[in-house]
Amino acid sequence: MTALLLVHGRSQQMAKELGRDQDAVDRYVAGKTRTWLGGLARGFVLSGAGPVPADVTYFPFYGNDLADALVAYEAAGGPRPDLEAGVDIAALHREMVIEAAEETGFLASHHMLDHDAATIDAVREVERLRRSGQEAGWSDLLQLKIARSALQFLSDKTGTAEWVIEQYLRDVAYYLADRGARDLVQGHVRRSMEQARDDGHGEIIVIAHSLGTVVAYDALDDLPEGVTVRLFVTAGSPLGQKVVRRNLRGPDVGSERRPVPRSITPVAGQPTWVNAYDVRDVVAVIHPIAHLFSGGDASIRDERTHNPLYPHAIDDYLSDPDVAGPIAQALAADR
């Protein structure tokens, strides 16, 4: 039977004071899994599907390791260039903040009027070059100033606290830029895929949330032997951001135009990829995404949701019948 692979996002680590022995970790992961499946069960009911097959679910838990790696990284000096990869994590983070704000109407030259004339002129020149289709970037100092203004704008526009926005986008930038963290996370996902295969589930449906959508896209570029993907589902995803797409693994690295993962073999008549977004979700602020990946609308189905509890909540995303329905259909195809 087809298995479900649930790939979580950031800030899922356990509190250290509660203990992290294997039994505690297993109980914690079981609780997280129930949250996802609870949302999916509601979506199945609303879409007219049967029960959720909880016994074929795999939850690669990397939350503790990623959080510990980030703490160690910052304790060693905080965000700084990764000399091996040539990527400045802090600059990548600021670029993500600016791009997200621009998507919601931010124009730096209109929101930095308290700065000196030379700064405003430099901002306007970069904006002019970008409008004409030319490559133009900000100096480090200018990018820092613009990012601060963009973060405040984005917070005011979406009603999300600035520190929340910073944390979400910082962790995505950290994953993309730090090779060690990326390999660590990918190791967890690959082992879960291999376990599913060894348990007799050669076909999987990948359901990913938030940072997990970036993690999952990377993982689909290098599947273990004997594993195929029937459906890819993303929720609350930052994959709409150009800077994220440029740093994904797989074909056309460095390009803003990336392919739908070729490792997906969809059910006939069903989408290859379902992408869910709530317009209030600051992580998925750039939406829809079908036109941003080669394969286009025929391969990716964007689904706009309204999450009643919290715009970024995974259980709310999965309770939408238009998101849960394709998952149920993909599961039913091999019965």
# chains A, B, ... in the order shown; residues from 1 in each chain; ligands from 1
$ select_by_dssp --residues "range 193-253 of chain A" --states "strand (DSSP E or B)" --output "PyMOL selection string"
chain A and resi 203-209+228-235
$ write_last_selection --atoms "N, CA, C and O atoms" --output "mmCIF file, in the first residue's frame"
data_model
loop_
_atom_site.group_PDB
_atom_site.id
_atom_site.type_symbol
_atom_site.label_atom_id
_atom_site.label_comp_id
_atom_site.auth_asym_id
_atom_site.auth_seq_id
_atom_site.Cartn_x
_atom_site.Cartn_y
_atom_site.Cartn_z
ATOM 1 N N GLU A 203 5.773 2.928 -2.949
ATOM 2 C CA GLU A 203 5.182 4.177 -3.415
ATOM 3 C C GLU A 203 4.804 5.032 -2.215
ATOM 4 O O GLU A 203 4.262 4.528 -1.222
ATOM 5 N N ILE A 204 5.091 6.324 -2.295
ATOM 6 C CA ILE A 204 4.775 7.224 -1.197
ATOM 7 C C ILE A 204 4.079 8.480 -1.714
ATOM 8 O O ILE A 204 4.217 8.855 -2.885
ATOM 9 N N ILE A 205 3.319 9.087 -0.829
ATOM 10 C CA ILE A 205 2.759 10.427 -1.043
ATOM 11 C C ILE A 205 3.494 11.343 -0.079
ATOM 12 O O ILE A 205 3.510 11.101 1.129
ATOM 13 N N VAL A 206 4.129 12.379 -0.598
ATOM 14 C CA VAL A 206 4.907 13.297 0.226
ATOM 15 C C VAL A 206 4.051 14.520 0.538
ATOM 16 O O VAL A 206 3.615 15.232 -0.370
ATOM 17 N N ILE A 207 3.813 14.739 1.832
ATOM 18 C CA ILE A 207 3.055 15.903 2.297
ATOM 19 C C ILE A 207 4.001 16.750 3.142
ATOM 20 O O ILE A 207 4.548 16.270 4.131
ATOM 21 N N ALA A 208 4.205 17.999 2.748
ATOM 22 C CA ALA A 208 5.216 18.826 3.402
ATOM 23 C C ALA A 208 4.642 20.179 3.785
ATOM 24 O O ALA A 208 3.742 20.711 3.122
ATOM 25 N N HIS A 209 5.201 20.748 4.862
ATOM 26 C CA HIS A 209 4.699 22.002 5.414
ATOM 27 C C HIS A 209 5.847 22.979 5.644
ATOM 28 O O HIS A 209 6.906 22.595 6.146
ATOM 29 N N THR A 228 9.147 5.350 -5.296
ATOM 30 C CA THR A 228 8.542 6.267 -6.253
ATOM 31 C C THR A 228 7.527 7.133 -5.522
ATOM 32 O O THR A 228 6.974 6.739 -4.494
ATOM 33 N N VAL A 229 7.266 8.307 -6.076
ATOM 34 C CA VAL A 229 6.342 9.267 -5.466
ATOM 35 C C VAL A 229 5.097 9.381 -6.321
ATOM 36 O O VAL A 229 5.185 9.590 -7.538
ATOM 37 N N ARG A 230 3.967 9.248 -5.686
ATOM 38 C CA ARG A 230 2.684 9.291 -6.390
ATOM 39 C C ARG A 230 2.084 10.689 -6.394
ATOM 40 O O ARG A 230 1.377 11.061 -7.336
ATOM 41 N N LEU A 231 2.334 11.471 -5.351
ATOM 42 C CA LEU A 231 1.765 12.820 -5.244
ATOM 43 C C LEU A 231 2.643 13.644 -4.314
ATOM 44 O O LEU A 231 3.142 13.136 -3.310
ATOM 45 N N PHE A 232 2.816 14.906 -4.647
ATOM 46 C CA PHE A 232 3.558 15.852 -3.824
ATOM 47 C C PHE A 232 2.576 16.918 -3.364
ATOM 48 O O PHE A 232 1.887 17.537 -4.183
ATOM 49 N N VAL A 233 2.481 17.123 -2.051
ATOM 50 C CA VAL A 233 1.569 18.114 -1.487
ATOM 51 C C VAL A 233 2.375 19.081 -0.643
ATOM 52 O O VAL A 233 3.121 18.661 0.251
ATOM 53 N N THR A 234 2.252 20.384 -0.923
ATOM 54 C CA THR A 234 2.938 21.402 -0.139
ATOM 55 C C THR A 234 1.909 22.334 0.473
ATOM 56 O O THR A 234 0.894 22.655 -0.146
ATOM 57 N N ALA A 235 2.181 22.784 1.705
ATOM 58 C CA ALA A 235 1.264 23.681 2.410
ATOM 59 C C ALA A 235 2.065 24.754 3.121
ATOM 60 O O ALA A 235 3.077 24.466 3.760
#
$ residues_around --residues "Ser237 in chain A" --least-positions-apart "4" --cutoff "12 Å" --atoms "only C-alpha atoms" --output "PyMOL selection string"
chain A and resi 7-10+168-169+172+207-217+233+241+244-245+274-279+281-289+302+311-314+317
$ closest_residue --among "A:Glu166, A:Asp221, A:Asp23, A:Asp199" --to "Thr57 in chain A" --atoms "only C-alpha atoms"
A:Asp199
$ residues_around --residues "Asp183 in chain A" --least-positions-apart "6" --cutoff "12 Å" --atoms "only C-alpha atoms" --output "PDB file with N, CA, C and O atoms, in the first residue's frame"
ATOM      1  N   TYR A  62      13.372  15.817  12.258  1.00  0.00           N
ATOM      2  CA  TYR A  62      14.696  16.438  12.297  1.00  0.00           C
ATOM      3  C   TYR A  62      14.708  17.676  13.195  1.00  0.00           C
ATOM      4  O   TYR A  62      15.724  18.369  13.299  1.00  0.00           O
ATOM      5  N   ASP A  65      17.586  18.060  15.926  1.00  0.00           N
ATOM      6  CA  ASP A  65      18.926  18.207  15.348  1.00  0.00           C
ATOM      7  C   ASP A  65      19.103  19.557  14.660  1.00  0.00           C
ATOM      8  O   ASP A  65      20.165  20.190  14.776  1.00  0.00           O
ATOM      9  N   LEU A  66      18.081  20.011  13.946  1.00  0.00           N
ATOM     10  CA  LEU A  66      18.189  21.297  13.257  1.00  0.00           C
ATOM     11  C   LEU A  66      18.278  22.441  14.264  1.00  0.00           C
ATOM     12  O   LEU A  66      19.100  23.351  14.107  1.00  0.00           O
ATOM     13  N   ALA A  69      21.707  22.457  15.864  1.00  0.00           N
ATOM     14  CA  ALA A  69      22.726  22.924  14.928  1.00  0.00           C
ATOM     15  C   ALA A  69      22.676  24.441  14.782  1.00  0.00           C
ATOM     16  O   ALA A  69      23.719  25.107  14.704  1.00  0.00           O
ATOM     17  N   TYR A 175      18.826  26.781   6.415  1.00  0.00           N
ATOM     18  CA  TYR A 175      18.810  25.463   5.775  1.00  0.00           C
ATOM     19  C   TYR A 175      19.424  25.543   4.371  1.00  0.00           C
ATOM     20  O   TYR A 175      20.212  24.676   3.976  1.00  0.00           O
ATOM     21  N   LEU A 176      19.063  26.564   3.613  1.00  0.00           N
ATOM     22  CA  LEU A 176      19.545  26.669   2.237  1.00  0.00           C
ATOM     23  C   LEU A 176      21.047  26.927   2.166  1.00  0.00           C
ATOM     24  O   LEU A 176      21.723  26.449   1.257  1.00  0.00           O
ATOM     25  N   ALA A 177      21.569  27.688   3.122  1.00  0.00           N
ATOM     26  CA  ALA A 177      22.951  28.149   3.017  1.00  0.00           C
ATOM     27  C   ALA A 177      23.958  27.270   3.730  1.00  0.00           C
ATOM     28  O   ALA A 177      25.129  27.248   3.353  1.00  0.00           O
ATOM     29  N   VAL A 189      15.153  12.515   6.317  1.00  0.00           N
ATOM     30  CA  VAL A 189      14.100  12.241   5.333  1.00  0.00           C
ATOM     31  C   VAL A 189      14.418  10.981   4.534  1.00  0.00           C
ATOM     32  O   VAL A 189      13.545  10.138   4.302  1.00  0.00           O
ATOM     33  N   ARG A 190      15.659  10.838   4.131  1.00  0.00           N
ATOM     34  CA  ARG A 190      16.039   9.660   3.342  1.00  0.00           C
ATOM     35  C   ARG A 190      15.852   8.376   4.141  1.00  0.00           C
ATOM     36  O   ARG A 190      15.360   7.366   3.608  1.00  0.00           O
ATOM     37  N   VAL A 215      12.651  21.276   2.033  1.00  0.00           N
ATOM     38  CA  VAL A 215      13.341  20.020   2.348  1.00  0.00           C
ATOM     39  C   VAL A 215      12.854  18.909   1.429  1.00  0.00           C
ATOM     40  O   VAL A 215      13.648  18.138   0.866  1.00  0.00           O
ATOM     41  N   ASP A 218      14.023  19.147  -2.241  1.00  0.00           N
ATOM     42  CA  ASP A 218      15.402  18.655  -2.338  1.00  0.00           C
ATOM     43  C   ASP A 218      15.438  17.128  -2.325  1.00  0.00           C
ATOM     44  O   ASP A 218      16.160  16.501  -3.111  1.00  0.00           O
ATOM     45  N   ALA A 219      14.669  16.527  -1.409  1.00  0.00           N
ATOM     46  CA  ALA A 219      14.693  15.071  -1.259  1.00  0.00           C
ATOM     47  C   ALA A 219      14.185  14.362  -2.503  1.00  0.00           C
ATOM     48  O   ALA A 219      14.655  13.263  -2.836  1.00  0.00           O
ATOM     49  N   ARG A 249      18.031  22.175  -4.683  1.00  0.00           N
ATOM     50  CA  ARG A 249      18.822  21.146  -5.365  1.00  0.00           C
ATOM     51  C   ARG A 249      18.090  20.669  -6.610  1.00  0.00           C
ATOM     52  O   ARG A 249      16.927  20.976  -6.814  1.00  0.00           O
TER      53      ARG A 249
END
$ residues_around --residues "Trp163 in chain A" --least-positions-apart "2" --cutoff "12 Å" --atoms "only C-alpha atoms" --output "PyMOL selection string"
chain A and resi 97+148+151-152+154-155+159-161+165-170
$ closest_residue --among "A:Gly240, A:Gly295, A:Gly31, A:Gly254" --to "Met96 in chain A" --atoms "only C-alpha atoms"
A:Gly240
$ residues_around --residues "range 191-197 of chain A" --least-positions-apart "5" --cutoff "8 Å" --atoms "only C-alpha atoms" --output "PyMOL selection string"
chain A and resi 3+5+58-60+202-203+223-224+226-227
$ write_last_selection --atoms "N, CA, C and O atoms" --output "short mmCIF file (atom, residue, chain, number, x, y, z; two decimals), in the first residue's frame"
data_model
loop_
_atom_site.label_atom_id
_atom_site.label_comp_id
_atom_site.auth_asym_id
_atom_site.auth_seq_id
_atom_site.Cartn_x
_atom_site.Cartn_y
_atom_site.Cartn_z
N ALA A 3 2.37 4.68 1.11
CA ALA A 3 2.59 5.26 2.43
C ALA A 3 2.53 6.78 2.35
O ALA A 3 2.69 7.39 1.29
N LEU A 5 4.37 10.19 3.69
CA LEU A 5 5.58 10.75 4.29
C LEU A 5 5.27 12.19 4.65
O LEU A 5 5.01 13.02 3.78
N TYR A 58 4.81 7.89 7.92
CA TYR A 58 6.20 8.07 8.33
C TYR A 58 6.45 9.57 8.54
O TYR A 58 6.04 10.38 7.73
N PHE A 59 7.10 9.89 9.65
CA PHE A 59 7.30 11.28 10.06
C PHE A 59 8.79 11.50 10.35
O PHE A 59 9.25 11.32 11.47
N PRO A 60 9.58 11.83 9.33
CA PRO A 60 11.01 12.06 9.56
C PRO A 60 11.21 13.28 10.46
O PRO A 60 10.98 14.42 10.04
N GLY A 202 6.73 0.80 -1.53
CA GLY A 202 7.60 1.37 -2.54
C GLY A 202 7.08 2.67 -3.11
O GLY A 202 7.83 3.45 -3.68
N GLU A 203 5.77 2.93 -2.95
CA GLU A 203 5.18 4.18 -3.42
C GLU A 203 4.80 5.03 -2.21
O GLU A 203 4.26 4.53 -1.22
N LEU A 223 15.88 10.21 -4.74
CA LEU A 223 15.13 9.20 -4.02
C LEU A 223 15.95 7.93 -3.83
O LEU A 223 16.75 7.57 -4.70
N PRO A 224 15.73 7.22 -2.73
CA PRO A 224 16.38 5.92 -2.58
C PRO A 224 15.90 4.96 -3.66
O PRO A 224 14.78 5.08 -4.17
N GLY A 226 14.17 2.06 -5.43
CA GLY A 226 12.97 1.32 -5.08
C GLY A 226 11.85 2.15 -4.52
O GLY A 226 10.82 1.61 -4.09
N VAL A 227 12.00 3.48 -4.51
CA VAL A 227 10.97 4.38 -4.00
C VAL A 227 10.47 5.26 -5.13
O VAL A 227 11.27 5.86 -5.86
#
$ closest_residue --among "A:Ala30, A:Leu92, A:Ala49, A:Val164" --to "Ile327 in chain A" --atoms "only C-alpha atoms"
A:Ala49
$ closest_residue --among "A:Thr33, A:Gln270, A:Gly63, A:Leu331" --to "His188 in chain A" --atoms "only C-alpha atoms"
A:Gly63
$ residues_around --residues "Ser294 in chain A" --least-positions-apart "6" --cutoff "9 Å" --atoms "only C-alpha atoms" --output "short mmCIF file (atom, residue, chain, number, x, y, z; two decimals) with all heavy atoms, in the first residue's frame"
data_model
loop_
_atom_site.label_atom_id
_atom_site.label_comp_id
_atom_site.auth_asym_id
_atom_site.auth_seq_id
_atom_site.Cartn_x
_atom_site.Cartn_y
_atom_site.Cartn_z
N ARG A 257 13.62 29.50 -12.49
CA ARG A 257 12.65 28.62 -13.13
C ARG A 257 13.08 27.19 -12.90
O ARG A 257 14.03 26.70 -13.50
CB ARG A 257 12.57 28.92 -14.62
CG ARG A 257 11.54 28.09 -15.37
CD ARG A 257 10.13 28.55 -15.06
NE ARG A 257 9.15 27.88 -15.90
CZ ARG A 257 7.85 28.11 -15.83
NH1 ARG A 257 7.37 28.99 -14.97
NH2 ARG A 257 7.00 27.48 -16.63
N ARG A 258 12.40 26.49 -12.01
CA ARG A 258 12.79 25.13 -11.66
C ARG A 258 11.71 24.15 -12.13
O ARG A 258 10.54 24.49 -12.27
CB ARG A 258 12.99 25.01 -10.15
CG ARG A 258 13.99 26.00 -9.58
CD ARG A 258 15.36 25.92 -10.26
NE ARG A 258 15.99 24.64 -10.01
CZ ARG A 258 16.74 24.37 -8.94
NH1 ARG A 258 16.94 25.30 -8.01
NH2 ARG A 258 17.31 23.20 -8.79
N PRO A 259 12.08 22.89 -12.32
CA PRO A 259 11.11 21.92 -12.81
C PRO A 259 10.26 21.32 -11.71
O PRO A 259 10.65 21.30 -10.54
CB PRO A 259 12.00 20.83 -13.43
CG PRO A 259 13.24 20.88 -12.60
CD PRO A 259 13.45 22.33 -12.25
N VAL A 260 9.09 20.84 -12.09
CA VAL A 260 8.35 19.94 -11.20
C VAL A 260 9.22 18.70 -11.04
O VAL A 260 9.77 18.20 -12.03
CB VAL A 260 7.00 19.56 -11.83
CG1 VAL A 260 6.28 18.52 -10.97
CG2 VAL A 260 6.12 20.80 -12.01
#
$ select_by_dssp --residues "range 92-245 of chain A" --states "helix (DSSP H, G or I)" --output "PyMOL selection string"
chain A and resi 92-103+108-110+117-131+140-158+162-177+179-198+211-219+242-245
$ write_last_selection --atoms "C-alpha atoms" --output "compact mmCIF listing (two decimals), in the first residue's frame"
# COMPACT_ATOMS: atom_id res chain seq x y z
CA LEU A 92 20.16 35.50 2.12
CA HIS A 93 17.76 36.04 5.01
CA ARG A 94 17.49 39.77 4.30
CA GLU A 95 16.86 39.12 0.63
CA MET A 96 13.98 36.81 1.54
CA VAL A 97 12.42 39.45 3.80
CA ILE A 98 12.67 42.11 1.08
CA GLU A 99 11.24 39.85 -1.62
CA ALA A 100 8.31 38.79 0.59
CA ALA A 101 7.54 42.44 1.37
CA GLU A 102 7.77 43.46 -2.28
CA GLU A 103 5.18 40.82 -3.12
CA ALA A 108 11.79 50.64 -0.73
CA SER A 109 12.05 54.19 -2.12
CA HIS A 110 8.57 54.97 -0.78
CA ALA A 117 19.10 61.86 -0.29
CA ALA A 118 22.12 59.82 -1.40
CA THR A 119 20.61 56.65 0.07
CA ILE A 120 17.23 57.26 -1.56
CA ASP A 121 18.90 57.96 -4.92
CA ALA A 122 20.83 54.67 -4.67
CA VAL A 123 17.62 52.78 -3.87
CA ARG A 124 15.77 54.35 -6.78
CA GLU A 125 18.60 53.46 -9.17
CA VAL A 126 18.49 49.77 -8.18
CA GLU A 127 14.69 49.81 -8.53
CA ARG A 128 15.00 51.39 -11.98
CA LEU A 129 17.44 48.74 -13.15
CA ARG A 130 15.25 45.94 -11.84
CA ARG A 131 12.17 47.35 -13.56
CA ASP A 140 25.41 45.21 2.28
CA LEU A 141 24.63 48.39 4.19
CA LEU A 142 21.74 49.33 1.92
CA GLN A 143 20.29 45.83 2.04
CA LEU A 144 20.35 45.93 5.84
CA LYS A 145 18.45 49.24 5.92
CA ILE A 146 15.89 48.08 3.36
CA ALA A 147 15.35 44.76 5.12
CA ARG A 148 14.53 46.55 8.38
CA SER A 149 11.96 48.71 6.62
CA ALA A 150 10.60 45.72 4.67
CA LEU A 151 10.18 43.65 7.83
CA GLN A 152 8.11 46.37 9.50
CA PHE A 153 6.01 46.77 6.34
CA LEU A 154 5.43 43.03 6.09
CA SER A 155 4.43 42.84 9.75
CA ASP A 156 1.96 45.71 9.39
CA LYS A 157 0.54 44.28 6.18
CA THR A 158 -0.01 40.72 7.38
CA GLU A 162 8.17 40.90 13.19
CA TRP A 163 10.01 38.32 15.27
CA VAL A 164 7.77 35.54 13.92
CA ILE A 165 8.49 36.54 10.33
CA GLU A 166 12.21 36.75 11.07
CA GLN A 167 12.28 33.30 12.65
CA TYR A 168 10.45 31.60 9.78
CA LEU A 169 12.53 33.15 7.04
CA ARG A 170 15.82 32.92 8.96
CA ASP A 171 15.47 29.16 9.37
CA VAL A 172 14.72 28.70 5.67
CA ALA A 173 17.81 30.77 4.82
CA TYR A 174 19.90 28.78 7.28
CA TYR A 175 18.81 25.46 5.77
CA LEU A 176 19.55 26.67 2.24
CA ALA A 177 22.95 28.15 3.02
CA ARG A 179 25.58 22.53 3.86
CA GLY A 180 25.98 20.66 7.13
CA ALA A 181 22.46 21.48 8.32
CA ARG A 182 21.02 20.62 4.93
CA ASP A 183 22.71 17.23 4.80
CA LEU A 184 21.63 16.52 8.38
CA VAL A 185 17.98 17.18 7.59
CA GLN A 186 18.12 15.27 4.31
CA GLY A 187 19.54 12.27 6.14
CA HIS A 188 16.43 12.06 8.33
CA VAL A 189 14.10 12.24 5.33
CA ARG A 190 16.04 9.66 3.34
CA ARG A 191 16.06 7.18 6.23
CA SER A 192 12.28 7.47 6.56
CA MET A 193 11.89 6.83 2.83
CA GLU A 194 14.13 3.79 3.08
CA GLN A 195 12.16 2.53 6.07
CA ALA A 196 8.90 2.88 4.17
CA ARG A 197 10.39 0.92 1.27
CA ASP A 198 11.75 -1.78 3.56
CA LEU A 211 10.35 24.79 5.55
CA GLY A 212 9.52 21.12 5.02
CA THR A 213 8.36 21.92 1.47
CA VAL A 214 11.90 23.08 0.62
CA VAL A 215 13.34 20.02 2.35
CA ALA A 216 10.97 17.73 0.46
CA TYR A 217 11.70 19.31 -2.94
CA ASP A 218 15.40 18.65 -2.34
CA ALA A 219 14.69 15.07 -1.26
CA LYS A 242 12.94 33.54 -6.21
CA VAL A 243 15.85 33.34 -3.79
CA VAL A 244 14.55 30.02 -2.48
CA ARG A 245 14.09 28.53 -5.94
$ atom_distance --atom1 "CA of Leu37 in chain A" --atom2 "CA of Val52 in chain A"
7.1 Å
$ atom_distance --atom1 "CA of Ser299 in chain A" --atom2 "CA of Gly43 in chain A"
21.9 Å
$ atom_distance --atom1 "CA of Ser263 in chain A" --atom2 "CA of Gly39 in chain A"
26.8 Å
